[in-house]
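**Q** Data: run-v6.txt, compact mmCIF, C-alpha atoms (C1' of nucleotides).
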```
# COMPACT_ATOMS: atom_id res chain seq x y z
CA MET A 92 52.75 193.02 29.24
CA ARG A 93 55.02 195.98 29.86
CA ILE A 94 58.25 196.31 27.80
CA ALA A 95 60.75 199.13 28.32
CA THR A 96 64.07 200.22 26.84
CA TRP A 97 66.74 202.37 28.49
CA ASN A 98 70.23 203.46 27.54
CA VAL A 99 71.74 203.68 31.02
CA ASN A 100 75.21 205.00 30.04
CA SER A 101 77.13 202.61 32.36
CA ILE A 102 75.21 199.99 34.32
CA ARG A 103 77.63 200.29 37.21
CA GLN A 104 77.02 204.03 37.57
CA ARG A 105 73.27 203.58 37.15
CA LEU A 106 72.49 200.52 39.30
CA PRO A 107 70.52 202.47 41.95
CA HIS A 108 68.51 204.17 39.19
CA LEU A 109 67.85 200.82 37.54
CA LEU A 110 66.64 199.15 40.73
CA ALA A 111 64.40 202.11 41.54
CA TYR A 112 62.92 201.93 38.03
CA LEU A 113 62.22 198.21 38.31
CA ARG A 114 60.46 198.77 41.63
CA SER A 115 58.37 201.74 40.59
CA VAL A 116 57.45 200.94 36.97
CA GLU A 117 57.55 197.12 37.21
CA PRO A 118 58.31 196.38 33.56
CA ASP A 119 58.01 192.74 32.56
CA VAL A 120 60.90 193.22 30.16
CA LEU A 121 63.62 195.89 30.19
CA CYS A 122 66.12 196.26 27.37
CA LEU A 123 69.34 198.01 28.39
CA GLN A 124 72.03 199.66 26.28
CA GLU A 125 75.48 201.09 26.93
CA LEU A 126 76.31 198.79 29.82
CA LYS A 127 79.98 199.76 29.40
CA CYS A 128 81.17 196.63 31.16
CA VAL A 129 82.12 193.03 30.52
CA ASP A 130 79.63 190.24 31.31
CA GLU A 131 81.37 189.43 34.59
CA ALA A 132 80.95 192.99 35.86
CA PHE A 133 77.20 193.11 35.25
CA PRO A 134 75.33 193.34 38.60
CA ARG A 135 73.50 190.09 38.00
CA MET A 136 72.89 189.24 41.64
CA GLU A 137 71.24 192.57 42.40
CA VAL A 138 69.01 192.36 39.33
CA GLU A 139 68.03 188.75 40.01
CA ALA A 140 67.24 189.67 43.60
CA ALA A 141 64.77 192.19 42.17
CA GLY A 142 63.04 189.32 40.39
CA TYR A 143 64.54 189.46 36.90
CA ARG A 144 66.36 187.01 34.68
CA CYS A 145 69.26 188.52 32.72
CA ILE A 146 70.67 188.05 29.25
CA VAL A 147 73.89 190.04 29.08
CA HIS A 148 76.04 190.82 26.04
CA GLY A 149 78.79 193.01 27.45
CA GLN A 150 82.02 194.54 26.21
CA LYS A 151 84.95 196.22 27.88
CA GLY A 152 84.62 199.97 28.16
CA PHE A 153 81.93 200.69 25.58
CA ASN A 154 78.68 199.38 24.13
CA GLY A 155 77.03 196.38 25.79
CA VAL A 156 73.34 195.42 25.80
CA ALA A 157 71.11 193.31 28.04
CA ILE A 158 67.56 192.02 28.32
CA LEU A 159 65.95 191.68 31.75
CA SER A 160 62.70 189.77 32.18
CA ARG A 161 60.54 188.69 35.07
CA LYS A 162 58.80 186.23 32.76
CA PRO A 163 60.34 183.09 31.25
CA MET A 164 62.87 184.06 28.56
CA ALA A 165 65.02 182.14 26.09
CA ALA A 166 68.02 183.75 24.41
CA THR A 167 67.91 183.57 20.61
CA GLY A 168 71.23 185.18 19.81
CA SER A 169 73.68 187.90 20.71
CA GLY A 170 75.36 189.95 18.01
CA LEU A 171 73.65 191.13 14.85
CA PRO A 172 74.05 188.65 11.97
CA GLY A 173 75.56 189.63 8.66
CA ASP A 174 79.12 190.70 9.48
CA GLU A 175 81.49 188.23 11.12
CA ALA A 176 84.07 190.99 11.55
CA ASP A 177 81.75 193.11 13.73
CA ILE A 178 82.77 192.47 17.33
CA GLN A 179 80.89 195.37 18.93
CA ALA A 180 78.27 194.30 21.51
CA ARG A 181 75.19 196.07 20.18
CA TYR A 182 72.46 193.45 19.74
CA ALA A 183 70.79 190.80 21.89
CA GLU A 184 67.57 188.93 21.18
CA ALA A 185 65.26 186.68 23.17
CA VAL A 186 61.76 185.22 23.18
CA VAL A 187 59.71 186.05 26.27
CA GLN A 188 56.67 184.02 27.29
CA ASP A 189 53.51 185.93 28.08
CA ASP A 190 49.87 185.10 28.63
CA GLY A 191 49.04 187.15 25.54
CA GLY A 192 51.44 184.98 23.51
CA PRO A 193 55.23 184.87 23.08
CA VAL A 194 57.04 188.07 22.15
CA ARG A 195 60.46 188.22 20.53
CA VAL A 196 62.39 191.16 21.94
CA ALA A 197 65.65 192.68 20.68
CA SER A 198 67.83 195.12 22.64
CA ILE A 199 69.60 197.34 20.14
CA TYR A 200 72.39 199.88 20.49
CA LEU A 201 72.65 201.24 16.97
CA PRO A 202 75.98 202.96 16.18
CA ASN A 203 76.13 206.74 16.61
CA GLY A 204 77.96 207.25 13.32
CA ASN A 205 79.64 210.59 14.03
CA PRO A 206 81.67 212.12 12.53
CA PRO A 207 80.00 211.26 9.21
CA ASP A 208 83.17 211.74 7.16
CA THR A 209 84.88 208.84 8.93
CA ASP A 210 84.41 205.08 8.71
CA LYS A 211 82.02 205.35 11.66
CA TYR A 212 79.21 206.45 9.36
CA PRO A 213 79.36 203.60 6.83
CA TYR A 214 79.53 201.25 9.83
CA LYS A 215 76.27 202.75 11.08
CA LEU A 216 74.59 202.43 7.69
CA GLY A 217 75.80 198.85 7.31
CA PHE A 218 74.45 198.02 10.76
CA MET A 219 71.09 199.47 9.74
CA ASP A 220 71.07 197.35 6.58
CA ARG A 221 71.81 194.23 8.63
CA LEU A 222 69.12 195.14 11.16
CA THR A 223 66.62 195.57 8.33
CA GLN A 224 67.56 192.13 7.00
CA ARG A 225 67.04 190.54 10.42
CA ALA A 226 63.77 192.39 10.96
CA ALA A 227 62.52 191.24 7.54
CA GLU A 228 63.06 187.62 8.57
CA LEU A 229 61.16 188.10 11.82
CA VAL A 230 58.27 189.98 10.21
CA ALA A 231 58.01 187.29 7.52
CA ALA A 232 57.65 184.70 10.28
CA GLU A 233 54.57 186.61 11.47
CA GLU A 234 55.79 186.73 15.06
CA ALA A 235 55.07 189.36 17.68
CA VAL A 236 58.38 191.26 17.64
CA VAL A 237 59.55 194.33 19.54
CA LEU A 238 62.79 195.96 18.37
CA ALA A 239 63.75 198.18 21.28
CA GLY A 240 66.72 200.37 21.94
CA ASP A 241 68.86 203.40 21.24
CA PHE A 242 68.59 203.69 17.47
CA ASN A 243 70.65 206.89 17.30
CA VAL A 244 68.12 208.06 14.69
CA ILE A 245 66.02 211.24 14.85
CA PRO A 246 63.16 210.12 12.60
CA GLU A 247 61.63 213.51 11.76
CA PRO A 248 62.00 217.25 12.40
CA ARG A 249 59.29 217.10 15.07
CA ASP A 250 61.58 214.77 17.05
CA VAL A 251 64.27 217.42 17.64
CA TYR A 252 64.19 220.81 19.36
CA ASP A 253 65.87 222.54 16.42
CA ALA A 254 66.19 220.57 13.20
CA ALA A 255 68.59 223.11 11.69
CA ALA A 256 71.05 222.53 14.52
CA TRP A 257 71.25 218.82 13.61
CA THR A 258 71.68 219.16 9.85
CA GLY A 259 74.74 217.15 8.92
CA ASP A 260 74.72 215.06 12.09
CA ALA A 261 74.83 211.28 11.65
CA LEU A 262 71.64 210.97 13.72
CA PHE A 263 69.66 213.14 11.31
CA LEU A 264 71.31 212.84 7.88
CA PRO A 265 68.98 211.93 4.99
CA GLU A 266 70.71 208.58 4.47
CA THR A 267 70.16 207.69 8.13
CA ARG A 268 66.50 208.64 8.08
CA ARG A 269 65.96 206.93 4.73
CA ARG A 270 67.20 203.65 6.19
CA PHE A 271 65.03 204.09 9.26
CA ARG A 272 62.02 204.51 6.98
CA THR A 273 63.06 201.39 5.06
CA LEU A 274 63.00 199.54 8.37
CA LEU A 275 59.53 200.89 9.17
CA ASN A 276 58.37 200.04 5.66
CA LEU A 277 58.74 196.36 6.48
CA GLY A 278 55.51 196.92 8.37
CA LEU A 279 56.91 198.00 11.73
CA THR A 280 55.13 200.52 13.95
CA ASP A 281 56.94 203.21 15.94
CA ALA A 282 55.05 202.79 19.22
CA ILE A 283 55.20 206.42 20.28
CA ARG A 284 53.99 207.57 16.87
CA ALA A 285 51.11 205.09 17.03
CA THR A 286 49.80 206.94 20.07
CA THR A 287 50.56 210.62 19.44
CA ASP A 288 51.49 213.10 16.72
CA ALA A 289 52.84 215.60 19.22
CA ALA A 290 56.16 217.32 18.56
CA GLY A 291 58.74 217.81 21.28
CA LEU A 292 58.69 214.29 22.74
CA TYR A 293 62.30 213.51 23.57
CA SER A 294 64.27 210.58 25.03
CA PHE A 295 67.77 212.12 25.19
CA TRP A 296 69.19 215.38 26.48
CA ASP A 297 72.94 215.97 26.26
CA TYR A 298 74.86 216.47 29.50
CA GLN A 299 76.41 219.61 28.05
CA ALA A 300 75.27 223.20 27.83
CA GLY A 301 72.21 222.82 30.05
CA ALA A 302 70.39 220.80 27.38
CA TRP A 303 67.98 219.30 29.94
CA GLN A 304 67.18 222.60 31.60
CA ARG A 305 66.60 224.19 28.20
CA ASN A 306 64.68 221.15 26.92
CA LYS A 307 67.04 220.80 23.98
CA GLY A 308 66.27 217.14 23.44
CA ILE A 309 65.97 214.58 20.67
CA ARG A 310 63.89 211.41 20.29
CA ILE A 311 66.25 208.56 19.42
CA ASP A 312 65.12 205.67 21.67
CA HIS A 313 62.41 203.66 19.98
CA LEU A 314 60.23 200.57 20.20
CA LEU A 315 59.36 199.21 16.75
CA LEU A 316 56.53 196.68 16.63
CA SER A 317 55.77 193.97 14.11
CA PRO A 318 52.11 193.79 13.02
CA ARG A 319 51.38 191.00 15.50
CA ALA A 320 52.84 193.11 18.31
CA ALA A 321 51.26 196.36 17.12
CA ASP A 322 47.83 194.72 17.27
CA ARG A 323 48.42 194.26 21.00
CA LEU A 324 49.65 197.83 21.67
CA ARG A 325 47.69 199.59 24.42
CA SER A 326 49.92 202.55 25.33
CA ALA A 327 53.38 204.04 24.89
CA THR A 328 55.14 206.24 27.45
CA ILE A 329 58.38 208.19 27.80
CA ASP A 330 59.54 208.24 31.42
CA LYS A 331 60.95 211.74 31.12
CA GLY A 332 61.07 212.42 34.85
CA VAL A 333 64.15 210.31 35.57
CA ARG A 334 66.28 212.75 33.59
CA GLY A 335 65.92 215.09 36.54
CA ASP A 336 67.27 212.57 39.08
CA ASP A 337 70.70 212.85 40.66
CA LYS A 338 73.49 211.51 38.43
CA PRO A 339 71.09 210.53 35.63
CA SER A 340 71.74 208.80 32.35
CA ASP A 341 71.52 211.18 29.41
CA HIS A 342 68.70 208.95 28.08
CA VAL A 343 65.33 208.19 29.70
CA PRO A 344 63.30 204.96 29.46
CA VAL A 345 60.61 204.48 26.84
CA ARG A 346 58.00 201.78 27.38
CA ILE A 347 54.87 200.16 26.00
CA ASP A 348 52.01 198.11 27.36
CA LEU A 349 50.87 195.19 25.21
CA ALA A 350 47.67 193.23 25.69
C1' DA B 6 80.69 229.08 26.34
C1' DT B 7 84.44 224.64 23.25
C1' DG B 8 79.60 224.52 28.97
C1' DT B 9 79.37 216.96 30.75
C1' DC B 10 79.93 212.35 31.67
C1' DG B 11 82.21 207.60 31.92
C1' DC B 12 85.73 204.64 30.45
C1' DA B 13 90.66 203.30 29.81
C1' DT B 14 95.51 203.85 30.41
C1' DT B 15 101.26 205.33 29.54
C1' DC B 16 97.12 206.13 35.89
C1' DC B 17 95.73 211.79 39.61
C1' DA B 18 96.23 213.71 33.58
C1' DT B 19 94.79 212.92 29.24
C1' DG B 20 92.35 210.85 25.07
C1' DC B 21 88.30 208.79 23.29
C1' DG B 22 83.34 208.12 22.56
C1' DA B 23 79.07 210.02 22.99
```
Please, can you express the file's structure as structure tokens?
**A**
Amino acid sequence: MRIATWNVNSIRQRLPHLLAYLRSVEPDVLCLQELKCVDEAFPRMEVEAAGYRCIVHGQKGFNGVAILSRKPMAATGSGLPGDEADIQARYAEAVVQDDGGPVRVASIYLPNGNPPDTDKYPYKLGFMDRLTQRAAELVAAEEAVVLAGDFNVIPEPRDVYDAAAWTGDALFLPETRRRFRTLLNLGLTDAIRATTDAAGLYSFWDYQAGAWQRNKGIRIDHLLLSPRAADRLRSATIDKGVRGDDKPSDHVPVRIDLA
DNA sequence: ATGTCGCATTCCATGCGA
């Protein structure tokens, strides 16, 4: 079973890229972030014509997440529990049926949090606390769970081209990374880190200042696996090449194969 | 290089978010 995640930075701008990815990589499940459109504007017909069911949690202008699946899928909730006042569309969850057993998949667009001296940063930390609470429930249920998405977290110095340049950024602050470790300490496995210790594996390159050409990237898109899912992990891959396409997203897909 | 995108609106120019 192949599960991928991709922050597309506007689904309407990236529809040709998305359809090409579905054709060439053939993921069973694809989690999308930053749709930047309302539900009604999501290109559902085109995606269904490619063979995928869609769960869409959109929002006008910003945010927005979706889960696409070519296997049977049941929605289990949109919006991250724990804060009734949070109206930002950053979380969708579903259970996908697979021959290897059902897998619960979440598509996550974790808040950026910059600048850290504004209320954006405590919102990010609160979101991470709520995500940890939700993940704890799912791990306790001993399900196969894959938390996939743009976490806006650089876990370690080896995940950034120049750690010093990111000191003080909300993606790399100690409090951010501490909470990410708390999440992992529930027993979750970072799929890429289960397969390689290599430095310099990135999933995002800024549009500005020739970041792609200079390989000034960061690794912030992750797939975190519960023990039941980690036991089925066969490989993890970053589809770096699409960053070189015409009119690309600033993020590339990351994917895993599960038995 | 403060270097790019994509969205929205007071709409063809600017502010915001990233």
**Q** Out of B:DA6, B:DA18, B:DA23, B:DC12, which residue has the shortest atom-to-atom distance to Ser101 in chain A when counting all atoms listed in the file?
**A**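 That would be B:DC12, the residue with the smallest distance to Ser101 in chain A.
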**Q** For C1' of DC16 in chain B and CA of Glu131 in chain A, determine how far apart the two atoms are, in Å to one decimal place.
**A**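 CA of Glu131 in chain A lies at a distance of 23.0 Å from C1' of DC16 in chain B.
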**Q** Near DG22 in chain B, counting only C-alpha atoms (C1' of nucleotides), which residues have an atom at most 10 Å away, once you skip same-chain residues fewer than 6 positions from it, shown as a list in words?
**A**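 Residues meeting the cut-off are Gly152, Phe153, Asn203 and Asn205 of chain A; DG11 and DC12 of chain B.
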**Q** When you draw a straight line from CA of Met92 in chain A to CA of Asn243 in chain A, how long is it in Å?
**A**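 Result for CA of Met92 in chain A versus CA of Asn243 in chain A: 25.6 Å, one decimal.
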**Q** Compare A:Pro107, A:Pro265, A:Pro213, A:Gly240 by their minimum atom-to-atom distance to Asp312 in chain A, counting all atoms listed in the file, and give me the closest one.
**A**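 Of A:Pro107, A:Pro265, A:Pro213, A:Gly240, the one nearest Asp312 in chain A, counting all atoms listed in the file, is A:Gly240.
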**Q** When you get a sec, could you note down which chain B residues fall within 7 Å of chain A, using all atoms listed in the file, as a list in words?
**A**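 Result: DG8, DT9, DC10 and DC12 of chain B.
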